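Novice: What follows is work.cif, made up of mmCIF, C-alpha atoms, pLDDT in the B column; chains and numbers go by the auth columns:
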data_input
loop_
_atom_site.group_PDB
_atom_site.id
_atom_site.type_symbol
_atom_site.label_atom_id
_atom_site.label_comp_id
_atom_site.label_asym_id
_atom_site.label_seq_id
_atom_site.Cartn_x
_atom_site.Cartn_y
_atom_site.Cartn_z
_atom_site.B_iso_or_equiv
_atom_site.auth_seq_id
_atom_site.auth_asym_id
ATOM 1 C CA MET A 1 -12.301 -1.074 59.967 66.00 219 A
ATOM 2 C CA ALA A 2 -12.357 -4.004 62.385 68.00 220 A
ATOM 3 C CA PRO A 3 -11.992 -7.557 61.058 76.00 221 A
ATOM 4 C CA ILE A 4 -15.076 -9.723 61.135 84.00 222 A
ATOM 5 C CA PRO A 5 -14.935 -12.110 64.114 85.00 223 A
ATOM 6 C CA GLY A 6 -14.098 -15.640 63.010 85.00 224 A
ATOM 7 C CA SER A 7 -12.748 -14.634 59.554 87.00 225 A
ATOM 8 C CA GLY A 8 -9.331 -16.096 60.385 89.00 226 A
ATOM 9 C CA LEU A 9 -10.943 -19.395 61.329 91.00 227 A
ATOM 10 C CA ALA A 10 -12.902 -19.445 58.060 91.00 228 A
ATOM 11 C CA LYS A 11 -9.707 -18.787 56.025 92.00 229 A
ATOM 12 C CA GLY A 12 -7.881 -21.582 57.863 92.00 230 A
ATOM 13 C CA LEU A 13 -10.715 -24.045 57.223 93.00 231 A
ATOM 14 C CA ALA A 14 -10.756 -23.039 53.541 93.00 232 A
ATOM 15 C CA VAL A 15 -7.030 -23.853 53.260 93.00 233 A
ATOM 16 C CA THR A 16 -7.619 -27.205 54.977 93.00 234 A
ATOM 17 C CA LEU A 17 -10.476 -28.104 52.608 92.00 235 A
ATOM 18 C CA ARG A 18 -8.419 -27.178 49.519 91.00 236 A
ATOM 19 C CA THR A 19 -5.538 -29.341 50.752 89.00 237 A
ATOM 20 C CA MET A 20 -7.821 -32.285 51.503 88.00 238 A
ATOM 21 C CA THR A 21 -9.243 -32.308 47.971 89.00 239 A
ATOM 22 C CA ARG A 22 -5.848 -32.334 46.189 88.00 240 A
ATOM 23 C CA LYS A 23 -4.335 -35.526 44.809 87.00 241 A
ATOM 24 C CA HIS A 24 -1.738 -37.080 47.122 80.00 242 A
ATOM 25 C CA VAL A 25 1.878 -37.206 45.903 80.00 243 A
ATOM 26 C CA THR A 26 3.234 -39.574 48.519 82.00 244 A
ATOM 27 C CA GLU A 27 5.266 -42.412 47.024 81.00 245 A
ATOM 28 C CA GLN A 28 5.392 -45.702 48.878 85.00 246 A
ATOM 29 C CA TYR A 29 9.209 -45.795 48.836 84.00 247 A
ATOM 30 C CA PRO A 30 10.314 -49.347 49.467 83.00 248 A
ATOM 31 C CA ASP A 31 7.606 -50.724 47.177 89.00 249 A
ATOM 32 C CA ALA A 32 7.911 -48.094 44.422 88.00 250 A
ATOM 33 C CA GLN A 33 11.358 -46.744 43.524 85.00 251 A
ATOM 34 C CA PRO A 34 11.445 -42.950 43.041 86.00 252 A
ATOM 35 C CA GLU A 35 12.222 -41.471 39.644 85.00 253 A
ATOM 36 C CA LEU A 36 15.427 -39.560 40.191 84.00 254 A
ATOM 37 C CA PRO A 37 16.718 -36.710 38.005 84.00 255 A
ATOM 38 C CA PRO A 38 19.315 -37.905 35.471 76.00 256 A
ATOM 39 C CA ARG A 39 22.426 -36.482 37.185 78.00 257 A
ATOM 40 C CA THR A 40 21.455 -37.161 40.807 85.00 258 A
ATOM 41 C CA ARG A 41 24.215 -37.027 43.415 88.00 259 A
ATOM 42 C CA GLY A 42 24.030 -40.222 45.408 90.00 260 A
ATOM 43 C CA VAL A 43 27.410 -41.726 46.262 93.00 261 A
ATOM 44 C CA ILE A 44 30.888 -41.508 44.790 95.00 262 A
ATOM 45 C CA GLY A 45 31.982 -44.220 42.367 94.00 263 A
ATOM 46 C CA LEU A 46 35.650 -45.078 41.706 95.00 264 A
ATOM 47 C CA PHE A 47 37.032 -45.972 38.281 94.00 265 A
ATOM 48 C CA GLU A 48 40.139 -47.681 39.623 93.00 266 A
ATOM 49 C CA GLU A 49 41.997 -47.942 36.296 93.00 267 A
ATOM 50 C CA ASN A 50 42.212 -44.143 36.053 93.00 268 A
ATOM 51 C CA CYS A 51 43.472 -43.601 39.607 94.00 269 A
ATOM 52 C CA THR A 52 47.184 -42.727 39.708 93.00 270 A
ATOM 53 C CA VAL A 53 47.275 -42.328 43.509 95.00 271 A
ATOM 54 C CA CYS A 54 48.061 -38.632 43.178 94.00 272 A
ATOM 55 C CA MET A 55 46.202 -38.028 46.480 95.00 273 A
ATOM 56 C CA LEU A 56 44.601 -34.786 45.265 96.00 274 A
ATOM 57 C CA CYS A 57 41.125 -35.953 46.255 96.00 275 A
ATOM 58 C CA ALA A 58 42.219 -36.831 49.800 96.00 276 A
ATOM 59 C CA ARG A 59 44.164 -33.583 50.246 96.00 277 A
ATOM 60 C CA GLU A 60 41.346 -31.360 48.991 96.00 278 A
ATOM 61 C CA CYS A 61 38.560 -33.101 50.936 96.00 279 A
ATOM 62 C CA PRO A 62 37.365 -30.661 53.630 96.00 280 A
ATOM 63 C CA ASP A 63 36.172 -33.531 55.851 95.00 281 A
ATOM 64 C CA TRP A 64 39.218 -35.798 55.418 96.00 282 A
ATOM 65 C CA CYS A 65 36.925 -38.747 54.731 96.00 283 A
ATOM 66 C CA ILE A 66 38.980 -40.313 51.894 97.00 284 A
ATOM 67 C CA TYR A 67 41.588 -42.895 52.860 97.00 285 A
ATOM 68 C CA ILE A 68 44.221 -43.935 50.308 97.00 286 A
ATOM 69 C CA ASP A 69 47.109 -46.375 50.725 96.00 287 A
ATOM 70 C CA SER A 70 49.603 -47.284 48.011 96.00 288 A
ATOM 71 C CA HIS A 71 53.043 -48.664 47.362 95.00 289 A
ATOM 72 C CA LYS A 72 55.682 -48.070 44.680 95.00 290 A
ATOM 73 C CA GLU A 73 56.480 -50.703 42.095 94.00 291 A
ATOM 74 C CA THR A 74 59.314 -50.667 39.565 93.00 292 A
ATOM 75 C CA VAL A 75 58.366 -51.112 35.946 90.00 293 A
ATOM 76 C CA PRO A 76 60.889 -52.599 33.516 90.00 294 A
ATOM 77 C CA PRO A 77 62.140 -50.374 30.704 88.00 295 A
ATOM 78 C CA ALA A 78 59.829 -50.053 27.712 84.00 296 A
ATOM 79 C CA ALA A 79 62.710 -50.230 25.233 87.00 297 A
ATOM 80 C CA PRO A 80 66.115 -51.917 25.442 88.00 298 A
ATOM 81 C CA GLY A 81 68.638 -49.599 27.030 87.00 299 A
ATOM 82 C CA GLY A 82 65.911 -47.605 28.777 87.00 300 A
ATOM 83 C CA ARG A 83 65.719 -47.058 32.477 90.00 301 A
ATOM 84 C CA GLU A 84 63.425 -48.626 34.997 91.00 302 A
ATOM 85 C CA ARG A 85 60.573 -46.459 36.212 90.00 303 A
ATOM 86 C CA SER A 86 58.535 -46.548 39.371 92.00 304 A
ATOM 87 C CA ARG A 87 54.789 -46.130 39.628 91.00 305 A
ATOM 88 C CA ASN A 88 52.276 -45.973 42.447 93.00 306 A
ATOM 89 C CA VAL A 89 49.973 -48.955 42.897 93.00 307 A
ATOM 90 C CA LEU A 90 46.672 -48.473 44.704 95.00 308 A
ATOM 91 C CA ASP A 91 46.307 -50.703 47.781 96.00 309 A
ATOM 92 C CA ARG A 92 43.323 -49.108 49.489 96.00 310 A
ATOM 93 C CA PHE A 93 40.791 -46.473 48.491 97.00 311 A
ATOM 94 C CA ALA A 94 37.966 -45.925 50.966 97.00 312 A
ATOM 95 C CA ILE A 95 35.427 -43.195 51.632 96.00 313 A
ATOM 96 C CA ASP A 96 33.765 -42.742 55.004 96.00 314 A
ATOM 97 C CA PHE A 97 30.238 -41.686 54.074 95.00 315 A
ATOM 98 C CA SER A 98 29.412 -40.929 57.713 94.00 316 A
ATOM 99 C CA LEU A 99 31.825 -37.977 57.408 95.00 317 A
ATOM 100 C CA CYS A 100 31.309 -37.066 53.735 94.00 318 A
ATOM 101 C CA MET A 101 29.276 -33.929 53.121 94.00 319 A
ATOM 102 C CA TYR A 102 28.774 -34.686 49.391 93.00 320 A
ATOM 103 C CA CYS A 103 30.378 -31.437 48.256 94.00 321 A
ATOM 104 C CA GLY A 104 31.947 -33.028 45.144 94.00 322 A
ATOM 105 C CA ILE A 105 35.332 -31.334 45.551 96.00 323 A
ATOM 106 C CA CYS A 106 37.108 -34.690 45.228 96.00 324 A
ATOM 107 C CA ILE A 107 35.380 -35.330 41.911 96.00 325 A
ATOM 108 C CA GLU A 108 36.174 -31.858 40.593 96.00 326 A
ATOM 109 C CA VAL A 109 39.893 -31.940 41.473 96.00 327 A
ATOM 110 C CA CYS A 110 40.588 -35.438 40.112 95.00 328 A
ATOM 111 C CA PRO A 111 42.730 -34.774 37.015 94.00 329 A
ATOM 112 C CA PHE A 112 42.348 -38.342 35.706 93.00 330 A
ATOM 113 C CA ASP A 113 38.549 -38.794 35.920 92.00 331 A
ATOM 114 C CA ALA A 114 38.704 -41.580 38.477 95.00 332 A
ATOM 115 C CA LEU A 115 35.773 -40.352 40.617 96.00 333 A
ATOM 116 C CA PHE A 116 32.158 -39.894 39.524 94.00 334 A
ATOM 117 C CA TRP A 117 28.731 -39.257 41.042 94.00 335 A
ATOM 118 C CA SER A 118 26.537 -42.342 41.104 92.00 336 A
ATOM 119 C CA PRO A 119 22.761 -42.038 41.595 91.00 337 A
ATOM 120 C CA GLU A 120 22.768 -44.902 44.122 89.00 338 A
ATOM 121 C CA PHE A 121 21.275 -43.790 47.414 88.00 339 A
ATOM 122 C CA GLU A 122 20.425 -47.027 49.209 87.00 340 A
ATOM 123 C CA TYR A 123 23.519 -47.692 51.269 87.00 341 A
ATOM 124 C CA ALA A 124 22.204 -47.284 54.808 86.00 342 A
ATOM 125 C CA GLU A 125 23.807 -49.348 57.552 89.00 343 A
ATOM 126 C CA THR A 126 22.744 -50.128 61.104 92.00 344 A
ATOM 127 C CA ASP A 127 26.262 -49.464 62.419 94.00 345 A
ATOM 128 C CA ILE A 128 28.012 -46.166 61.631 93.00 346 A
ATOM 129 C CA ARG A 129 31.371 -47.978 61.362 92.00 347 A
ATOM 130 C CA GLU A 130 30.058 -49.836 58.299 94.00 348 A
ATOM 131 C CA LEU A 131 29.607 -46.589 56.335 94.00 349 A
ATOM 132 C CA THR A 132 33.278 -46.654 55.332 95.00 350 A
ATOM 133 C CA HIS A 133 33.120 -48.252 51.906 95.00 351 A
ATOM 134 C CA GLU A 134 36.221 -49.767 50.331 95.00 352 A
ATOM 135 C CA ARG A 135 37.259 -49.691 46.674 93.00 353 A
ATOM 136 C CA ASP A 136 35.356 -52.833 45.630 94.00 354 A
ATOM 137 C CA LYS A 137 32.050 -51.271 46.720 94.00 355 A
ATOM 138 C CA LEU A 138 33.007 -47.923 45.139 94.00 356 A
ATOM 139 C CA ARG A 139 33.762 -49.815 41.900 94.00 357 A
ATOM 140 C CA GLU A 140 30.321 -51.458 41.982 93.00 358 A
ATOM 141 C CA TRP A 141 28.753 -48.016 42.171 92.00 359 A
ATOM 142 C CA MET A 142 30.871 -46.877 39.210 92.00 360 A
ATOM 143 C CA TRP A 143 28.815 -49.044 36.857 91.00 361 A
ATOM 144 C CA THR A 144 25.622 -47.193 37.831 89.00 362 A
ATOM 145 C CA VAL A 145 27.015 -43.808 36.745 90.00 363 A
ATOM 146 C CA PRO A 146 24.903 -42.496 33.845 87.00 364 A
ATOM 147 C CA ALA A 147 26.546 -41.588 30.573 85.00 365 A
ATOM 148 C CA PRO A 148 27.283 -37.882 30.132 81.00 366 A
ATOM 149 C CA PRO A 149 24.742 -35.887 28.144 79.00 367 A
ATOM 150 C CA ALA A 150 25.220 -35.921 24.380 78.00 368 A
ATOM 151 C CA LEU A 151 27.167 -33.106 22.790 79.00 369 A
ATOM 152 C CA ASP A 152 25.205 -30.339 21.133 83.00 370 A
ATOM 153 C CA ALA A 153 25.123 -31.039 17.381 83.00 371 A
ATOM 154 C CA ALA A 154 25.284 -27.308 16.626 85.00 372 A
ATOM 155 C CA ALA A 155 28.327 -26.769 18.878 84.00 373 A
ATOM 156 C CA GLU A 156 31.699 -25.782 17.504 84.00 374 A
ATOM 157 C CA GLU A 157 34.227 -28.599 17.095 82.00 375 A
ATOM 158 C CA PRO A 158 36.811 -28.629 19.946 81.00 376 A
ATOM 159 C CA LYS A 159 40.119 -26.982 18.979 85.00 377 A
ATOM 160 C CA GLU A 160 42.140 -30.073 19.870 82.00 378 A
ATOM 161 C CA ILE A 161 40.097 -32.328 17.590 85.00 379 A
ATOM 162 C CA ALA A 162 40.116 -29.766 14.774 85.00 380 A
ATOM 163 C CA ALA A 163 43.935 -29.446 14.999 87.00 381 A
ATOM 164 C CA ALA A 164 44.381 -33.237 15.016 86.00 382 A
ATOM 165 C CA ARG A 165 42.054 -33.620 12.024 88.00 383 A
ATOM 166 C CA LYS A 166 43.939 -30.927 10.040 90.00 384 A
ATOM 167 C CA THR A 167 47.273 -32.598 10.805 89.00 385 A
ATOM 168 C CA ALA A 168 45.924 -35.981 9.697 89.00 386 A
ATOM 169 C CA GLU A 169 44.583 -34.447 6.467 91.00 387 A
ATOM 170 C CA LYS A 170 47.975 -32.825 5.736 91.00 388 A
ATOM 171 C CA LEU A 171 49.773 -36.127 6.315 88.00 389 A
ATOM 172 C CA ALA A 172 47.312 -37.970 4.076 89.00 390 A
ATOM 173 C CA ALA A 173 47.728 -35.337 1.349 90.00 391 A
ATOM 174 C CA ALA A 174 51.553 -35.472 1.629 88.00 392 A
ATOM 175 C CA GLN A 175 51.518 -39.280 1.319 86.00 393 A
ATOM 176 C CA ALA A 176 49.144 -39.169 -1.640 82.00 394 A
ATOM 177 C CA GLU A 177 51.230 -36.653 -3.663 76.00 395 A
ATOM 178 C CA PRO A 178 54.414 -38.781 -4.077 66.00 396 A
ATOM 179 C CA GLY A 179 52.298 -41.744 -5.142 56.00 397 A
ATOM 180 C CA GLU A 180 50.567 -39.704 -7.869 56.00 398 A
ATOM 181 C CA ALA A 181 53.856 -38.428 -9.325 51.00 399 A
ATOM 182 C CA THR A 182 55.299 -41.930 -9.831 50.00 400 A
ATOM 183 C CA SER A 183 52.244 -43.441 -11.529 47.00 401 A
#
Hey, can you dump this file as structure tokens for me?
Specialist:
Amino acid sequence: MAPIPGSGLAKGLAVTLRTMTRKHVTEQYPDAQPELPPRTRGVIGLFEENCTVCMLCARECPDWCIYIDSHKETVPPAAPGGRERSRNVLDRFAIDFSLCMYCGICIEVCPFDALFWSPEFEYAETDIRELTHERDKLREWMWTVPAPPALDAAAEEPKEIAAARKTAEKLAAAQAEPGEATS
């Protein structure tokens, strides 16, 4: 059976009319800020106090967009007769967001939780060379990182916490028993 001439045109016009009668969802971005999902990936924030300059993030980055400089510092002994120790001190931590592909590998491999996803997304620059952000800017973004979701109340207690609680209860019981015998 042959199609009716002009049926395709009628279907196309029907689609156009349906679309024209729908409510618009366009947000006027600079005037109205978008509502982002709670764990949006925007930029990477640095919690400098946790960074031990282990360089794992820079080594694992597939784009080599993380730049870290440090120096060693000797720390005096903690106790008399102890030995001096050396530790790394962070001098520079920068991320070139013109190279970054936002894969999150650096955040995943950080063993000390020094890197986090921040929902900030307004960091455009007119010059591509200004997209390399240093540690002070990364620290500013750290304070916009949302808190992690609450733990499930019905979840099982972590084994580490349960073991620590049992040990504390045993110590408290052992300290209470000698006191009861003397009174």
Novice: What's the separation between atom CA of A:Leu333 and atom CA of A:Asp314, in Å to one decimal place?
Specialist: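 That distance, rounded to one decimal, is 14.7 Å.
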Novice: For the file shown, report as a list in words the outcome of the PyMOL selection byres ((chain A and resi 287-292) around 6) at residue level.
Specialist: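 Applying the expression gives Ile286, Val293, Arg303, Ser304, Arg305, Asn306, Val307, Leu308, Asp309 and Arg310 of chain A.
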Novice: For the atom pair atom CA of A:Phe330 and atom CA of A:Ala382, what is the interatomic distance in Å to one decimal place?
Specialist: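 Pair atom CA of A:Phe330 / atom CA of A:Ala382 returns 21.4 Å.
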Novice: Quick one: residues within 10 Å of A:Pro256, all atoms listed in the file, excluding same-chain residues fewer than 2 positions away - as a ChimeraX atom specification?
Specialist: /A:253-254,258-259,337,363-367
Novice: Just to confirm, what's the straight-line distance from atom CA of A:Arg277 to atom CA of A:Glu348 in Å (one decimal)?
Specialist: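 Straight-line distance from atom CA of A:Arg277 to atom CA of A:Glu348 works out to 23.0 Å.
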Novice: Evaluate the PyMOL selection byres ((chain A and resi 332) around 6) on the structure here and hand back the selected residues as a count of residues only.
Specialist: 7
Novice: In terms of the shortest atom-to-atom distance over all atoms listed in the file, which of A:Phe311, A:Trp282, A:Tyr320, A:Trp335 is closest to A:Arg257?
Specialist: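 Among A:Phe311, A:Trp282, A:Tyr320, A:Trp335, it is A:Trp335 that comes nearest to A:Arg257.
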Novice: Measuring between all atoms listed in the file, which one of A:Glu387, A:Glu338, A:Glu352, A:Glu375 shows the shortest distance to A:Ile284?
Specialist: A:Glu352
Novice: So, with all atoms listed in the file as the atoms that count, which of A:Ala373, A:Ala297, A:Leu349, A:Ala381 lies closest to A:Cys318?
Specialist: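 Using all atoms listed in the file, the shortest distance to A:Cys318 belongs to A:Leu349.
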Novice: Output, as AutoDock Vina command-line options, the centre and edge lengths in Å (one decimal) of the axis-aligned box that contains all listed atoms of stretch 286-305 of chain A with 5 Å of margin on each side.
Specialist:
--center_x 56.4 --center_y -48.3 --center_z 38.0 --size_x 34.4 --size_y 18.7 --size_z 35.5
Novice: Go through A:Trp361, A:Thr244, A:Thr385, A:Ser316 one by one, measure the shortest atom-to-atom distance of each to A:Asp281 using only C-alpha atoms, and give the residue with the smallest value.
Specialist: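 Closest to A:Asp281 of all the choices is A:Ser316.
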